[in-house]
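Below is model-v3.cif, which holds mmCIF, C-alpha atoms.
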```
data_target
#
loop_
_atom_site.label_atom_id
_atom_site.label_comp_id
_atom_site.auth_asym_id
_atom_site.auth_seq_id
_atom_site.Cartn_x
_atom_site.Cartn_y
_atom_site.Cartn_z
CA MET W 1 22.76 -43.81 31.78
CA THR W 2 19.21 -43.98 30.43
CA ILE W 3 16.20 -42.83 32.41
CA ARG W 4 15.20 -46.45 32.93
CA GLU W 5 18.68 -47.28 34.19
CA ALA W 6 18.50 -44.28 36.53
CA GLN W 7 15.19 -45.53 37.95
CA GLU W 8 16.74 -48.95 38.47
CA ALA W 9 19.88 -47.50 40.10
CA VAL W 10 17.82 -45.45 42.54
CA ASP W 11 15.69 -48.50 43.36
CA ARG W 12 18.80 -50.59 44.04
CA TRP W 13 20.21 -47.85 46.28
CA ILE W 14 16.97 -47.55 48.24
CA LYS W 15 16.84 -51.31 48.78
CA GLU W 16 20.51 -51.56 49.79
CA TYR W 17 21.02 -48.36 51.81
CA GLY W 18 17.74 -46.56 52.26
CA VAL W 19 15.83 -49.28 54.14
CA ARG W 20 12.62 -48.34 52.25
CA TYR W 21 11.10 -45.53 50.23
CA PHE W 22 9.66 -42.64 52.19
CA SER W 23 5.90 -42.39 51.73
CA GLU W 24 4.68 -40.77 48.53
CA LEU W 25 3.45 -37.78 50.51
CA THR W 26 6.81 -37.36 52.24
CA ASN W 27 8.63 -37.65 48.93
CA MET W 28 6.33 -35.02 47.41
CA ALA W 29 7.25 -32.68 50.27
CA VAL W 30 10.95 -33.51 49.79
CA LEU W 31 10.62 -32.84 46.04
CA THR W 32 9.12 -29.44 46.81
CA GLU W 33 11.98 -28.72 49.20
CA GLU W 34 14.58 -29.73 46.61
CA VAL W 35 12.94 -27.58 43.91
CA GLY W 36 13.10 -24.68 46.36
CA GLU W 37 16.82 -25.25 46.86
CA LEU W 38 17.30 -25.30 43.08
CA ALA W 39 15.27 -22.09 42.77
CA ARG W 40 17.46 -20.42 45.40
CA VAL W 41 20.64 -21.20 43.43
CA ILE W 42 19.08 -20.02 40.13
CA ALA W 43 17.85 -16.79 41.78
CA ARG W 44 21.37 -16.08 42.98
CA LYS W 45 23.21 -17.13 39.82
CA TYR W 46 20.86 -15.70 37.17
CA GLY W 47 18.58 -13.39 39.12
CA ASP W 48 19.02 -10.30 41.21
CA GLN W 49 20.02 -11.99 44.47
CA SER W 50 23.61 -12.65 45.47
CA PHE W 51 25.09 -15.68 47.20
CA LYS W 52 25.42 -15.43 50.97
CA ALA W 53 28.79 -16.01 52.57
CA GLY W 54 29.54 -19.72 52.43
CA GLU W 55 26.85 -20.58 49.89
CA LYS W 56 27.95 -22.68 46.93
CA GLU W 57 26.98 -22.33 43.29
CA ASN W 58 25.90 -25.99 43.19
CA LEU W 59 23.40 -25.88 40.34
CA GLY W 60 24.10 -29.40 39.08
CA GLU W 61 23.93 -30.89 42.56
CA GLU W 62 20.53 -29.32 43.19
CA MET W 63 19.21 -30.51 39.80
CA ALA W 64 20.41 -34.02 40.61
CA ASP W 65 18.64 -33.90 43.98
CA VAL W 66 15.37 -32.96 42.24
CA LEU W 67 15.85 -35.79 39.74
CA TRP W 68 16.61 -38.28 42.54
CA VAL W 69 13.35 -37.61 44.35
CA LEU W 70 11.37 -37.60 41.10
CA LEU W 71 12.85 -41.01 40.26
CA CYS W 72 11.87 -42.25 43.73
CA LEU W 73 8.28 -41.08 43.21
CA ALA W 74 8.16 -42.71 39.78
CA ASN W 75 9.45 -46.00 41.18
CA GLN W 76 7.08 -46.15 44.09
CA THR W 77 4.04 -45.23 42.00
CA GLY W 78 4.86 -47.56 39.11
CA VAL W 79 5.54 -44.85 36.53
CA ASP W 80 7.94 -45.65 33.69
CA LEU W 81 9.48 -42.23 33.10
CA THR W 82 11.03 -43.29 29.79
CA GLU W 83 7.61 -44.17 28.41
CA GLU W 84 5.99 -41.07 29.86
CA LEU W 85 8.68 -38.73 28.52
CA LEU W 86 8.32 -40.20 25.04
CA LYS W 87 4.55 -39.65 25.21
CA SER W 88 5.10 -36.09 26.42
CA ILE W 89 7.48 -35.30 23.55
CA GLU W 90 4.95 -36.70 21.05
CA LYS W 91 2.11 -34.68 22.60
CA LYS W 92 4.13 -31.45 22.57
CA THR W 93 5.27 -32.05 19.00
CA LYS W 94 1.69 -32.50 17.76
CA ARG W 95 0.37 -29.58 19.77
CA ASP W 96 3.21 -27.11 19.26
CA ALA W 97 4.72 -28.09 15.89
CA LEU W 98 4.48 -24.53 14.56
CA ARG W 99 3.54 -22.52 17.64
CA HIS W 100 7.06 -21.57 18.72
CA ILE W 101 8.51 -21.33 15.22
CA GLU W 102 5.81 -18.82 14.27
CA ASN W 103 6.03 -16.85 17.53
CA PRO W 104 7.49 -13.42 16.70
CA LYS W 105 8.47 -12.99 20.36
CA LEU W 106 11.01 -15.79 19.98
CA LYS W 107 12.70 -14.43 16.87
CA ALA W 108 15.92 -12.59 17.51
#
```
Representation of the structure as structure tokens:
Amino acid sequence: MTIREAQEAVDRWIKEYGVRYFSELTNMAVLTEEVGELARVIARKYGDQSFKAGEKENLGEEMADVLWVLLCLANQTGVDLTEELLKSIEKKTKRDALRHIENPKLKA
């Protein structure tokens, strides 16, 4: 599935099952909540915290939840994430073409 197809799939789901998009402000709050849930799993899996009894190591599920809400925000604000990601890759390539390669901190 491409990013564009993902945006379209989310839009179809919202129209068929979701009644309507939540407001942009609500979706921003939901995105923040979902990022927090992702951070909690990463802190327990890769950091110093441990999982509580009954907690799942659902890293992929939490990442998908973040992506879902981001796709909703893109749809409702008219952002083509495919186009924007391509522009971001181009910008980073121009800006950082040698920066990381020449960074002694990144050399093993």
- [ ] Please write as a list of chain:residue names the full residue list that the PyMOL selection byres ((chain W and resi 11) around 12) yields on this file.
- [x] W:Arg4, W:Glu5, W:Ala6, W:Gln7, W:Glu8, W:Ala9, W:Val10, W:Arg12, W:Trp13, W:Ile14, W:Lys15, W:Glu16, W:Tyr17, W:Gly18, W:Val19, W:Arg20, W:Tyr21, W:Trp68, W:Val69, W:Leu70, W:Leu71, W:Cys72, W:Leu73, W:Ala74, W:Asn75, W:Gln76, W:Gly78
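Note that atom CA of W:Met63 and atom CA of W:Thr26 are 18.9 Å apart.
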Open item on the list: If I take atom CA of W:Gly54 and atom CA of W:Arg40, how far is one from the other in Å, to one decimal?
Closed with: 14.0 Å
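For the set W:Ser50, W:Thr82, W:Asn58, W:Asn27, the residue with the smallest atom-to-atom gap to W:Thr2 is W:Thr82, counting only C-alpha atoms.
You will find atom CA of W:Gly60 at 24.6 Å from atom CA of W:Glu83.
With all atoms listed in the file as the basis for measurement, W:Thr77 is the residue among W:Lys94, W:Glu61, W:Thr77, W:Lys52 that approaches W:Phe22 most closely.
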- [ ] Tell me, as an MDAnalysis selection string, which residues lie within 9 Å of W:Asp65, counting all atoms listed in the file; anything in the same chain fewer than 6 positions away does not count.
- [x] chainID W and resid 31 34:35 38
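With only C-alpha atoms taken into account, the protein and nucleic acid residues at most 12 Å from W:Ala39 (excluding it and anything under 5 positions from it in its own chain) are Thr32, Glu33, Glu34, Arg44, Lys45, Tyr46, Gly47, Gln49, Glu57, Asn58, Leu59, Glu62, Met63 and Val66 of chain W.
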Can you tell me, as lines of an AutoDock Vina configuration file, the centre and edge lengths (Å, one decimal) of the axis-aligned box enclosing all of stretch 35-45 of chain W's listed atoms after padding each side by 6 Å?
```
center_x = 18.1
center_y = -21.8
center_z = 43.3
size_x = 22.3
size_y = 23.5
size_z = 19.0
```
Need a file for stretch 37-77 of chain W from that block: N, CA and C atoms, written as a PDB file, in the first residue's frame.
```
ATOM      1  N   GLU W  37       1.459   6.670  23.901  1.00  0.00           N
ATOM      2  CA  GLU W  37       1.324   5.217  24.044  1.00  0.00           C
ATOM      3  C   GLU W  37       2.494   4.500  23.365  1.00  0.00           C
ATOM      4  N   LEU W  38       2.917   4.997  22.216  1.00  0.00           N
ATOM      5  CA  LEU W  38       4.081   4.444  21.532  1.00  0.00           C
ATOM      6  C   LEU W  38       5.331   4.634  22.388  1.00  0.00           C
ATOM      7  N   ALA W  39       5.485   5.812  22.964  1.00  0.00           N
ATOM      8  CA  ALA W  39       6.642   6.103  23.818  1.00  0.00           C
ATOM      9  C   ALA W  39       6.671   5.166  25.029  1.00  0.00           C
ATOM     10  N   ARG W  40       5.510   4.875  25.589  1.00  0.00           N
ATOM     11  CA  ARG W  40       5.446   3.972  26.744  1.00  0.00           C
ATOM     12  C   ARG W  40       5.979   2.588  26.375  1.00  0.00           C
ATOM     13  N   VAL W  41       5.566   2.065  25.214  1.00  0.00           N
ATOM     14  CA  VAL W  41       6.032   0.739  24.788  1.00  0.00           C
ATOM     15  C   VAL W  41       7.538   0.762  24.535  1.00  0.00           C
ATOM     16  N   ILE W  42       8.040   1.810  23.865  1.00  0.00           N
ATOM     17  CA  ILE W  42       9.475   1.902  23.575  1.00  0.00           C
ATOM     18  C   ILE W  42      10.276   2.014  24.873  1.00  0.00           C
ATOM     19  N   ALA W  43       9.773   2.783  25.844  1.00  0.00           N
ATOM     20  CA  ALA W  43      10.474   2.923  27.126  1.00  0.00           C
ATOM     21  C   ALA W  43      10.586   1.587  27.843  1.00  0.00           C
ATOM     22  N   ARG W  44       9.557   0.750  27.693  1.00  0.00           N
ATOM     23  CA  ARG W  44       9.576  -0.542  28.363  1.00  0.00           C
ATOM     24  C   ARG W  44      10.391  -1.582  27.589  1.00  0.00           C
ATOM     25  N   LYS W  45      10.338  -1.523  26.275  1.00  0.00           N
ATOM     26  CA  LYS W  45      11.050  -2.518  25.458  1.00  0.00           C
ATOM     27  C   LYS W  45      12.537  -2.198  25.341  1.00  0.00           C
ATOM     28  N   TYR W  46      12.873  -0.924  25.137  1.00  0.00           N
ATOM     29  CA  TYR W  46      14.269  -0.545  24.879  1.00  0.00           C
ATOM     30  C   TYR W  46      14.891   0.275  26.005  1.00  0.00           C
ATOM     31  N   GLY W  47      14.076   0.793  26.884  1.00  0.00           N
ATOM     32  CA  GLY W  47      14.572   1.639  27.957  1.00  0.00           C
ATOM     33  C   GLY W  47      14.685   0.882  29.268  1.00  0.00           C
ATOM     34  N   ASP W  48      14.687   1.621  30.335  1.00  0.00           N
ATOM     35  CA  ASP W  48      14.926   1.053  31.653  1.00  0.00           C
ATOM     36  C   ASP W  48      13.656   0.591  32.363  1.00  0.00           C
ATOM     37  N   GLN W  49      12.502   0.924  31.829  1.00  0.00           N
ATOM     38  CA  GLN W  49      11.258   0.495  32.470  1.00  0.00           C
ATOM     39  C   GLN W  49      10.913  -0.925  32.060  1.00  0.00           C
ATOM     40  N   SER W  50      10.081  -1.570  32.861  1.00  0.00           N
ATOM     41  CA  SER W  50       9.614  -2.916  32.530  1.00  0.00           C
ATOM     42  C   SER W  50       8.109  -2.862  32.291  1.00  0.00           C
ATOM     43  N   PHE W  51       7.613  -3.856  31.576  1.00  0.00           N
ATOM     44  CA  PHE W  51       6.175  -3.928  31.322  1.00  0.00           C
ATOM     45  C   PHE W  51       5.455  -4.263  32.616  1.00  0.00           C
ATOM     46  N   LYS W  52       4.305  -3.657  32.814  1.00  0.00           N
ATOM     47  CA  LYS W  52       3.449  -3.981  33.955  1.00  0.00           C
ATOM     48  C   LYS W  52       2.711  -5.274  33.637  1.00  0.00           C
ATOM     49  N   ALA W  53       2.209  -5.910  34.666  1.00  0.00           N
ATOM     50  CA  ALA W  53       1.434  -7.136  34.475  1.00  0.00           C
ATOM     51  C   ALA W  53       0.275  -6.856  33.534  1.00  0.00           C
ATOM     52  N   GLY W  54       0.150  -7.665  32.506  1.00  0.00           N
ATOM     53  CA  GLY W  54      -0.944  -7.513  31.554  1.00  0.00           C
ATOM     54  C   GLY W  54      -0.660  -6.602  30.380  1.00  0.00           C
ATOM     55  N   GLU W  55       0.419  -5.829  30.439  1.00  0.00           N
ATOM     56  CA  GLU W  55       0.766  -4.964  29.308  1.00  0.00           C
ATOM     57  C   GLU W  55       1.340  -5.790  28.173  1.00  0.00           C
ATOM     58  N   LYS W  56       1.014  -5.379  26.951  1.00  0.00           N
ATOM     59  CA  LYS W  56       1.508  -6.081  25.769  1.00  0.00           C
ATOM     60  C   LYS W  56       2.653  -5.312  25.134  1.00  0.00           C
ATOM     61  N   GLU W  57       3.521  -6.043  24.470  1.00  0.00           N
ATOM     62  CA  GLU W  57       4.602  -5.445  23.689  1.00  0.00           C
ATOM     63  C   GLU W  57       4.066  -5.224  22.274  1.00  0.00           C
ATOM     64  N   ASN W  58       3.198  -4.237  22.123  1.00  0.00           N
ATOM     65  CA  ASN W  58       2.462  -4.005  20.874  1.00  0.00           C
ATOM     66  C   ASN W  58       3.023  -2.822  20.092  1.00  0.00           C
ATOM     67  N   LEU W  59       4.302  -2.870  19.828  1.00  0.00           N
ATOM     68  CA  LEU W  59       4.998  -1.772  19.165  1.00  0.00           C
ATOM     69  C   LEU W  59       4.373  -1.443  17.812  1.00  0.00           C
ATOM     70  N   GLY W  60       4.162  -2.438  16.976  1.00  0.00           N
ATOM     71  CA  GLY W  60       3.589  -2.210  15.649  1.00  0.00           C
ATOM     72  C   GLY W  60       2.191  -1.631  15.714  1.00  0.00           C
ATOM     73  N   GLU W  61       1.395  -2.123  16.630  1.00  0.00           N
ATOM     74  CA  GLU W  61       0.027  -1.606  16.793  1.00  0.00           C
ATOM     75  C   GLU W  61       0.042  -0.128  17.157  1.00  0.00           C
ATOM     76  N   GLU W  62       0.925   0.251  18.064  1.00  0.00           N
ATOM     77  CA  GLU W  62       1.002   1.659  18.475  1.00  0.00           C
ATOM     78  C   GLU W  62       1.514   2.536  17.336  1.00  0.00           C
ATOM     79  N   MET W  63       2.482   2.042  16.564  1.00  0.00           N
ATOM     80  CA  MET W  63       2.959   2.810  15.401  1.00  0.00           C
ATOM     81  C   MET W  63       1.831   2.997  14.390  1.00  0.00           C
ATOM     82  N   ALA W  64       1.055   1.954  14.166  1.00  0.00           N
ATOM     83  CA  ALA W  64      -0.065   2.042  13.230  1.00  0.00           C
ATOM     84  C   ALA W  64      -1.110   3.036  13.719  1.00  0.00           C
ATOM     85  N   ASP W  65      -1.348   3.091  15.017  1.00  0.00           N
ATOM     86  CA  ASP W  65      -2.301   4.060  15.568  1.00  0.00           C
ATOM     87  C   ASP W  65      -1.831   5.497  15.323  1.00  0.00           C
ATOM     88  N   VAL W  66      -0.528   5.736  15.499  1.00  0.00           N
ATOM     89  CA  VAL W  66       0.032   7.065  15.221  1.00  0.00           C
ATOM     90  C   VAL W  66      -0.154   7.407  13.747  1.00  0.00           C
ATOM     91  N   LEU W  67       0.169   6.448  12.873  1.00  0.00           N
ATOM     92  CA  LEU W  67       0.035   6.676  11.435  1.00  0.00           C
ATOM     93  C   LEU W  67      -1.417   6.948  11.058  1.00  0.00           C
ATOM     94  N   TRP W  68      -2.349   6.222  11.628  1.00  0.00           N
ATOM     95  CA  TRP W  68      -3.779   6.403  11.355  1.00  0.00           C
ATOM     96  C   TRP W  68      -4.200   7.851  11.603  1.00  0.00           C
ATOM     97  N   VAL W  69      -3.867   8.362  12.776  1.00  0.00           N
ATOM     98  CA  VAL W  69      -4.299   9.716  13.121  1.00  0.00           C
ATOM     99  C   VAL W  69      -3.574  10.746  12.262  1.00  0.00           C
ATOM    100  N   LEU W  70      -2.317  10.513  11.946  1.00  0.00           N
ATOM    101  CA  LEU W  70      -1.586  11.415  11.060  1.00  0.00           C
ATOM    102  C   LEU W  70      -2.235  11.440   9.679  1.00  0.00           C
ATOM    103  N   LEU W  71      -2.640  10.282   9.179  1.00  0.00           N
ATOM    104  CA  LEU W  71      -3.337  10.222   7.890  1.00  0.00           C
ATOM    105  C   LEU W  71      -4.669  10.968   7.959  1.00  0.00           C
ATOM    106  N   CYS W  72      -5.379  10.849   9.067  1.00  0.00           N
ATOM    107  CA  CYS W  72      -6.625  11.606   9.243  1.00  0.00           C
ATOM    108  C   CYS W  72      -6.359  13.105   9.166  1.00  0.00           C
ATOM    109  N   LEU W  73      -5.352  13.567   9.895  1.00  0.00           N
ATOM    110  CA  LEU W  73      -5.022  14.995   9.875  1.00  0.00           C
ATOM    111  C   LEU W  73      -4.632  15.459   8.480  1.00  0.00           C
ATOM    112  N   ALA W  74      -3.862  14.650   7.779  1.00  0.00           N
ATOM    113  CA  ALA W  74      -3.474  15.009   6.411  1.00  0.00           C
ATOM    114  C   ALA W  74      -4.708  15.119   5.530  1.00  0.00           C
ATOM    115  N   ASN W  75      -5.602  14.156   5.621  1.00  0.00           N
ATOM    116  CA  ASN W  75      -6.810  14.178   4.797  1.00  0.00           C
ATOM    117  C   ASN W  75      -7.661  15.411   5.075  1.00  0.00           C
ATOM    118  N   GLN W  76      -7.871  15.689   6.327  1.00  0.00           N
ATOM    119  CA  GLN W  76      -8.799  16.776   6.634  1.00  0.00           C
ATOM    120  C   GLN W  76      -8.196  18.163   6.439  1.00  0.00           C
ATOM    121  N   THR W  77      -6.882  18.234   6.305  1.00  0.00           N
ATOM    122  CA  THR W  77      -6.237  19.529   6.049  1.00  0.00           C
ATOM    123  C   THR W  77      -5.750  19.655   4.608  1.00  0.00           C
TER     124      THR W  77
END
```
